[in-house]
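Visitor: One structure coming up, written as structure tokens, with questions to follow.
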Amino acid sequence: MNRMLAVNRVLAVILGGGAGTRLFPLTRHRAKPAVPLAGKYRLVDVPVSNCINSGLDRIFVVTQFNSASLNNHIARSYVFDRFRGGFVTVLAAEQTPASEKWYQGTADAVRQSIPHIRSFSHDQVIILSGDQLYTMDYRDMLAHHKRLGADITIGATPVQADEAPGFGILKTDGEQRITEFYEKPRRHELAGKESPVAPDLEAAGRIYLASMGIYIFEAQVLYDVLDQNPHEHDFGKEIIPRAIHDRRVFAYPFPGYWNDIGTVRSFFETNIMLADPHPAFNLYDENMPLYTNARLLAPAKITRSRVENSIIGEASVIVDSDISSSVIGIRSFIDRETHIHRTVFMGADYYRWTEPDTGGRIEGPAYPGVGAGTRIEGAIVDKNASIGNGCVITNKEGVQEGEGPGFYIRDGIIVIVKNAEIPDGTVI
């Protein structure tokens, strides 16, 4: 009961990120948090689900780029009953008398959203990222924050030396108070930047604390640091390093699985990992379920096919094909004698057999899915793409960066763009 009373005084703010250039072309038509995940979810479902599972039901999602699909997903997925007063609402960038500019960074996004946030009673604000994969009960982090009398608490994941240069590294004392912050230090600069960690983490060499971009602020502290430094626009690079010197800033070490899905390569590898027999992230945790739009779709149908280590989304139809180490999204159609390996196939917004003149038809090719005799390997196929018969999409030449009609290659991964039509016999 006390745990629930505590979280009732907390507001959650999920940051939708900027233009998502590192995830392009997946972000060409959608905000980063709206990018599909694991065949049926969106990235934003992860922090929203963590909030709901933690008893937090007053949630803002702050975004400014391509927010239409995100708005639509949230409106369809998260409708709370009117008696609890909970909500998940998008705060899109807007021009106001106080600011005519778009968000300049993570801190500026929250700063410009304060008029909306302050209209609800609260004692703490938890700030989350919209493009990470992890399971966390935020009540544990909040209890840690309160027990230490913190002004600010930062979620931190222990990493090894080879991983540290990709993160902001926190150095803590024996009480877990943050004493120093280093923005993406180079490998040879890590000496002296270790923090006290549990014995098993130390044995594994995970002695550097990387900021997860998850923050709990005392509400007044948040407003003070944003007001006092109006020209500082980023939490990780400016607000947090300054606050360490004059605020009680502590780390919350989180040893569980956590992944920042910031690039095409990390998005691809994360989805493929989820299809493993024993993935690092558990989609089947009944105590911490991942929520999304309840579409009420038909079950998948698989005919004369071999499917190995793969996720198959609802309403998919697979005929006489071979699929391995892949994610097949909702409403996918895979025709006969097709081979799909290590591929993230996002599925479709409508059935392949939907008549074009029906009211439920979404804009896109007439026949989404994959034709007969096609081979796809090492690729991401975005929503509604139509791939013809006899195509070979494997990046045989190992191109790292490139583009062509209906596709891009990023980080060595072929990305067939949303609504693309790939003709019969195409070789990529």
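Residues in the structure tokens are numbered from 1 in each chain, the chains being A, B, ... in the order shown, and ligands are numbered from 1 in the order shown.
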Hey, what's within 9 Å of Gly402 (chain A) if we count only C-alpha atoms and toss same-chain stuff fewer than 5 positions away? As a list in words, please?

Guide: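 Returned residues: Phe407, Tyr408, Ile409, Arg410, Gly412 and Ile414 of chain A.
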
Visitor: Convert the current residue selection to file output with N, CA and C atoms, as a compact mmCIF listing (two decimals), in the first residue's frame.

Guide:
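Below is the file result_14.txt, written as the result:
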```txt
# COMPACT_ATOMS: atom_id res chain seq x y z
N PHE A 407 15.15 1.00 -51.11
CA PHE A 407 15.96 0.44 -50.03
C PHE A 407 17.15 1.35 -49.70
N TYR A 408 17.66 1.14 -48.49
CA TYR A 408 18.92 1.73 -48.04
C TYR A 408 19.76 0.62 -47.45
N ILE A 409 21.05 0.83 -47.37
CA ILE A 409 21.93 -0.06 -46.62
C ILE A 409 22.61 0.79 -45.56
N ARG A 410 22.42 0.42 -44.30
CA ARG A 410 23.00 1.13 -43.16
C ARG A 410 23.66 0.11 -42.24
N GLY A 412 25.69 -2.05 -42.88
CA GLY A 412 25.72 -3.36 -43.53
C GLY A 412 24.39 -4.07 -43.57
N ILE A 414 20.55 -4.29 -44.95
CA ILE A 414 19.61 -3.81 -45.97
C ILE A 414 18.31 -3.43 -45.28
```

Visitor: Might you pull out every residue within 9 Å of Asp320 (chain A), with only C-alpha atoms counted and same-chain residues fewer than 5 positions away left off, and present them as a list of chain:residue names?

Guide: A:Ile302, A:Thr303, A:Arg304, A:Ser305, A:Arg306, A:Ile334, A:Asp335, A:Arg336, A:Glu337, A:Thr338

Visitor: Would you export the selected residues with C-alpha atoms as a PDB file, in the first residue's frame, please?

Guide:
```pdb
ATOM      1  CA  ILE A 302       1.795 -21.875 -41.267  1.00  0.00           C
ATOM      2  CA  THR A 303       1.489 -24.389 -44.104  1.00  0.00           C
ATOM      3  CA  ARG A 304       4.189 -26.946 -45.112  1.00  0.00           C
ATOM      4  CA  SER A 305       6.969 -24.714 -43.757  1.00  0.00           C
ATOM      5  CA  ARG A 306      10.071 -24.958 -41.585  1.00  0.00           C
ATOM      6  CA  ILE A 334       5.251 -15.197 -47.122  1.00  0.00           C
ATOM      7  CA  ASP A 335       4.645 -17.091 -50.365  1.00  0.00           C
ATOM      8  CA  ARG A 336       5.949 -20.527 -51.348  1.00  0.00           C
ATOM      9  CA  GLU A 337       9.610 -21.539 -51.660  1.00  0.00           C
ATOM     10  CA  THR A 338      10.818 -18.403 -49.903  1.00  0.00           C
TER      11      THR A 338
END
```

Visitor: For the atom pair CA of Ile169 (chain A) and CA of Val44 (chain A), what is the interatomic distance in Å to one decimal place?

Guide: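 Straight-line distance from CA of Ile169 (chain A) to CA of Val44 (chain A) works out to 25.1 Å.
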
Visitor: Taking only region 95-146 of chain A into account, list the residues labelled strand (DSSP E or B) by DSSP (computed from the backbone), as a list in words.

Guide: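 Listing strand (DSSP E or B) positions across region 95-146 of chain A yields Gln124, Val125, Ile126, Ile127, Leu128, Ser129, Gln132, Leu133 and Tyr134 of chain A.
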
Visitor: Go ahead and dump the residues you just picked, N, CA and C atoms, as a compact mmCIF listing (two decimals), in the first residue's frame.

Guide:
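Writing the result to again-v9.txt gives the following:
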```
# COMPACT_ATOMS: atom_id res chain seq x y z
N GLN A 124 7.90 13.99 -7.34
CA GLN A 124 9.06 13.60 -8.14
C GLN A 124 8.67 13.49 -9.61
N VAL A 125 9.69 13.62 -10.46
CA VAL A 125 9.52 13.40 -11.89
C VAL A 125 10.56 12.37 -12.32
N ILE A 126 10.10 11.30 -12.97
CA ILE A 126 11.04 10.32 -13.52
C ILE A 126 11.11 10.54 -15.03
N ILE A 127 12.33 10.70 -15.53
CA ILE A 127 12.56 11.01 -16.94
C ILE A 127 13.17 9.77 -17.60
N LEU A 128 12.54 9.33 -18.69
CA LEU A 128 12.89 8.07 -19.34
C LEU A 128 13.17 8.29 -20.82
N SER A 129 13.88 7.35 -21.42
CA SER A 129 14.14 7.38 -22.85
C SER A 129 13.11 6.51 -23.57
N GLN A 132 14.80 2.41 -25.60
CA GLN A 132 15.62 1.43 -24.89
C GLN A 132 14.80 0.19 -24.59
N LEU A 133 15.50 -0.94 -24.41
CA LEU A 133 14.83 -2.20 -24.09
C LEU A 133 15.35 -2.72 -22.75
N TYR A 134 14.47 -2.82 -21.77
CA TYR A 134 14.83 -3.31 -20.44
C TYR A 134 13.55 -3.48 -19.65
```

Visitor: What lies within 10 Å of region 114-120 of chain A using only C-alpha atoms, ignoring chain neighbours under 5 positions off, as number ranges by chain?

Guide: A: 9-13, 58-60, 91, 108-109, 125, 219, 222-223, 226

Visitor: Go ahead and save the residues from that selection, with N, CA and C atoms, as a CSV table (one decimal), in the first residue's frame.

Guide:
```csv
chain,number,residue,atom,x,y,z
A,9,ARG,N,2.6,10.0,-6.3
A,9,ARG,CA,3.1,11.4,-6.3
A,9,ARG,C,4.2,11.6,-7.3
A,10,VAL,N,4.3,10.6,-8.3
A,10,VAL,CA,5.4,10.7,-9.3
A,10,VAL,C,4.7,10.9,-10.7
A,11,LEU,N,5.3,11.8,-11.5
A,11,LEU,CA,5.0,11.9,-12.9
A,11,LEU,C,6.1,11.3,-13.7
A,12,ALA,N,5.7,10.7,-14.8
A,12,ALA,CA,6.7,10.1,-15.7
A,12,ALA,C,6.8,10.9,-17.0
A,13,VAL,N,8.0,11.2,-17.5
A,13,VAL,CA,8.2,11.9,-18.8
A,13,VAL,C,9.1,11.0,-19.7
A,58,ARG,N,0.5,8.2,-14.8
A,58,ARG,CA,0.5,9.6,-15.3
A,58,ARG,C,1.7,9.8,-16.1
A,59,ILE,N,1.6,9.7,-17.4
A,59,ILE,CA,2.8,9.5,-18.3
A,59,ILE,C,2.7,10.5,-19.4
A,60,PHE,N,3.7,11.3,-19.6
A,60,PHE,CA,3.8,12.2,-20.8
A,60,PHE,C,4.9,11.6,-21.7
A,91,LEU,N,3.2,15.1,-25.7
A,91,LEU,CA,3.4,16.5,-25.7
A,91,LEU,C,4.3,16.8,-26.9
A,108,ASP,N,15.9,20.7,-22.6
A,108,ASP,CA,15.1,21.7,-23.2
A,108,ASP,C,13.7,21.2,-23.5
A,109,ALA,N,13.6,19.9,-23.9
A,109,ALA,CA,12.3,19.3,-24.1
A,109,ALA,C,11.4,19.3,-22.9
A,125,VAL,N,9.7,13.6,-10.5
A,125,VAL,CA,9.5,13.4,-11.9
A,125,VAL,C,10.6,12.4,-12.3
A,219,ALA,N,10.9,17.2,-7.7
A,219,ALA,CA,10.2,18.1,-8.6
A,219,ALA,C,10.8,19.6,-8.6
A,222,LEU,N,14.3,19.8,-10.1
A,222,LEU,CA,14.2,19.8,-11.6
A,222,LEU,C,13.9,21.2,-12.1
A,223,TYR,N,12.9,21.8,-11.5
A,223,TYR,CA,12.5,23.1,-12.0
A,223,TYR,C,13.6,24.2,-11.7
A,226,LEU,N,16.6,23.7,-14.2
A,226,LEU,CA,16.3,24.1,-15.6
A,226,LEU,C,16.1,25.6,-15.7
```

Visitor: Could you pull the residues within 10 Å of Arg248 (chain A), counting only C-alpha atoms, minus those fewer than 3 positions along the same chain, as number ranges by chain?

Guide: A: 148-153, 177-179, 243-245

Visitor: Would you put the residues from that selection into a file with N, CA and C atoms, as a tab-separated table (two decimals), in the first residue's frame?

Guide:
```tsv
chain	number	residue	atom	x	y	z
A	148	LEU	N	18.25	7.41	0.22
A	148	LEU	CA	19.50	8.16	0.25
A	148	LEU	C	19.28	9.66	0.38
A	149	GLY	N	18.03	10.10	0.39
A	149	GLY	CA	17.75	11.53	0.46
A	149	GLY	C	18.29	12.28	-0.75
A	150	ALA	N	18.16	11.67	-1.93
A	150	ALA	CA	18.74	12.23	-3.15
A	150	ALA	C	17.90	13.37	-3.70
A	151	ASP	N	18.58	14.33	-4.32
A	151	ASP	CA	17.91	15.34	-5.13
A	151	ASP	C	17.66	14.79	-6.53
A	152	ILE	N	18.67	14.04	-7.01
A	152	ILE	CA	18.61	13.44	-8.34
A	152	ILE	C	19.19	12.03	-8.25
A	153	THR	N	18.53	11.06	-8.87
A	153	THR	CA	19.07	9.71	-8.95
A	153	THR	C	19.15	9.32	-10.42
A	177	ARG	N	27.05	7.94	-4.11
A	177	ARG	CA	26.91	9.33	-4.53
A	177	ARG	C	27.85	9.58	-5.70
A	178	ILE	N	27.35	10.26	-6.72
A	178	ILE	CA	28.16	10.53	-7.92
A	178	ILE	C	29.09	11.69	-7.65
A	179	THR	N	30.37	11.45	-7.86
A	179	THR	CA	31.38	12.48	-7.61
A	179	THR	C	31.94	13.07	-8.89
A	243	ALA	N	25.03	19.67	-11.83
A	243	ALA	CA	24.29	19.37	-10.59
A	243	ALA	C	25.11	18.55	-9.60
A	244	ILE	N	26.04	17.75	-10.12
A	244	ILE	CA	26.86	16.90	-9.24
A	244	ILE	C	27.57	17.73	-8.17
A	245	HIS	N	27.94	18.95	-8.51
A	245	HIS	CA	28.74	19.78	-7.60
A	245	HIS	C	27.93	20.45	-6.51
```

Visitor: List every residue of region 125-249 of chain A that DSSP, applied to the backbone, labels as alpha helix (DSSP H), and write the result as a PyMOL selection string.

Guide: chain A and resi 138-147+199-203+219-228+240-246

Visitor: Tell me which of A:Pro277, A:Phe333, A:Asn271, A:Asp285 sits closest to Gly39 (chain A), counting only C-alpha atoms.

Guide: A:Asn271

Visitor: Write out as a PyMOL selection string each polymer residue whose atoms come within 7 Å of Asn384 (chain A), counting only C-alpha atoms; drop sequence neighbours fewer than 5 positions from it.

Guide: chain A and resi 347-349+364-365+368+418-419

Visitor: Go through region 233-350 of chain A residue by residue and, counting only C-alpha atoms, keep those with an atom at most 12 Å from region 54-57 of chain A; for each kept residue give the shortest atom pair and its distance in Å to one decimal, ordered by chain and increasing number, as JSON lines.

Guide:
```
{"residue": "A:Asn287", "atom": "CA", "partner": "A:Ser54", "partner_atom": "CA", "distance": 10.6}
{"residue": "A:Met288", "atom": "CA", "partner": "A:Ser54", "partner_atom": "CA", "distance": 8.8}
{"residue": "A:Pro289", "atom": "CA", "partner": "A:Ser54", "partner_atom": "CA", "distance": 11.1}
```

Visitor: Using CA of Ile428 (chain A) and CA of Gly398 (chain A) as the two end points, give the distance in Å to one decimal.

Guide: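 It comes out at 10.4 Å.
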
Visitor: How many Å lie between CA of Ser77 (chain A) and CA of Leu283 (chain A), rounded to one decimal?

Guide: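 Separation between CA of Ser77 (chain A) and CA of Leu283 (chain A): 17.9 Å.
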
Visitor: Between A:Thr263, A:Ser386, A:Ser113, A:Thr172, which residue has the minimum interatomic distance to Thr27 (chain A), considering only C-alpha atoms?

Guide: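 So, comparing all the options, the nearest one is A:Thr263.
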
Visitor: Using only C-alpha atoms, which residue out of A:Val249, A:Asp382, A:Val61, A:Val90 lies closest to Arg28 (chain A)?

Guide: A:Asp382

Visitor: Restricting the calculation to only C-alpha atoms: of A:Ser211, A:Ser266, A:Thr292, A:Ser49, which residue gets closest to His73 (chain A)?

Guide: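 Selected residue with least distance to His73 (chain A): A:Thr292.
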
Visitor: So which one's closest to Pro405 (chain A), A:Pro241, A:Pro423, A:Pro196, A:Gly256? Using only C-alpha atoms, please.

Guide: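 For Pro405 (chain A), the nearest of the given residues is A:Pro423.
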
Visitor: Please identify all polymer residues within 10 Å of Leu37 (chain A), counting only C-alpha atoms, omitting same-chain residues fewer than 5 positions from it, and present them as a PyMOL selection string.

Guide: chain A and resi 42-46+133+267-268+270-271+274+327+329+344+346

Visitor: Go ahead and save the picked residues with C-alpha atoms, as an mmCIF file, in the first residue's frame.

Guide:
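Result file again.cif:
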```cif
data_model
loop_
_atom_site.group_PDB
_atom_site.id
_atom_site.type_symbol
_atom_site.label_atom_id
_atom_site.label_comp_id
_atom_site.auth_asym_id
_atom_site.auth_seq_id
_atom_site.Cartn_x
_atom_site.Cartn_y
_atom_site.Cartn_z
ATOM 1 C CA ARG A 42 6.587 -0.266 -30.609
ATOM 2 C CA LEU A 43 9.698 0.990 -28.809
ATOM 3 C CA VAL A 44 7.579 3.336 -26.685
ATOM 4 C CA ASP A 45 5.720 0.325 -25.281
ATOM 5 C CA VAL A 46 8.808 -0.548 -23.218
ATOM 6 C CA LEU A 133 14.830 -2.200 -24.088
ATOM 7 C CA PHE A 267 17.843 -2.378 -33.713
ATOM 8 C CA PHE A 268 18.510 -5.332 -36.004
ATOM 9 C CA THR A 270 18.163 -6.679 -30.670
ATOM 10 C CA ASN A 271 15.218 -8.032 -32.637
ATOM 11 C CA LEU A 274 14.553 -11.767 -29.121
ATOM 12 C CA VAL A 327 11.098 -11.831 -36.599
ATOM 13 C CA GLY A 329 5.535 -9.140 -37.860
ATOM 14 C CA VAL A 344 13.334 -8.409 -39.231
ATOM 15 C CA MET A 346 7.765 -5.843 -39.739
#
```
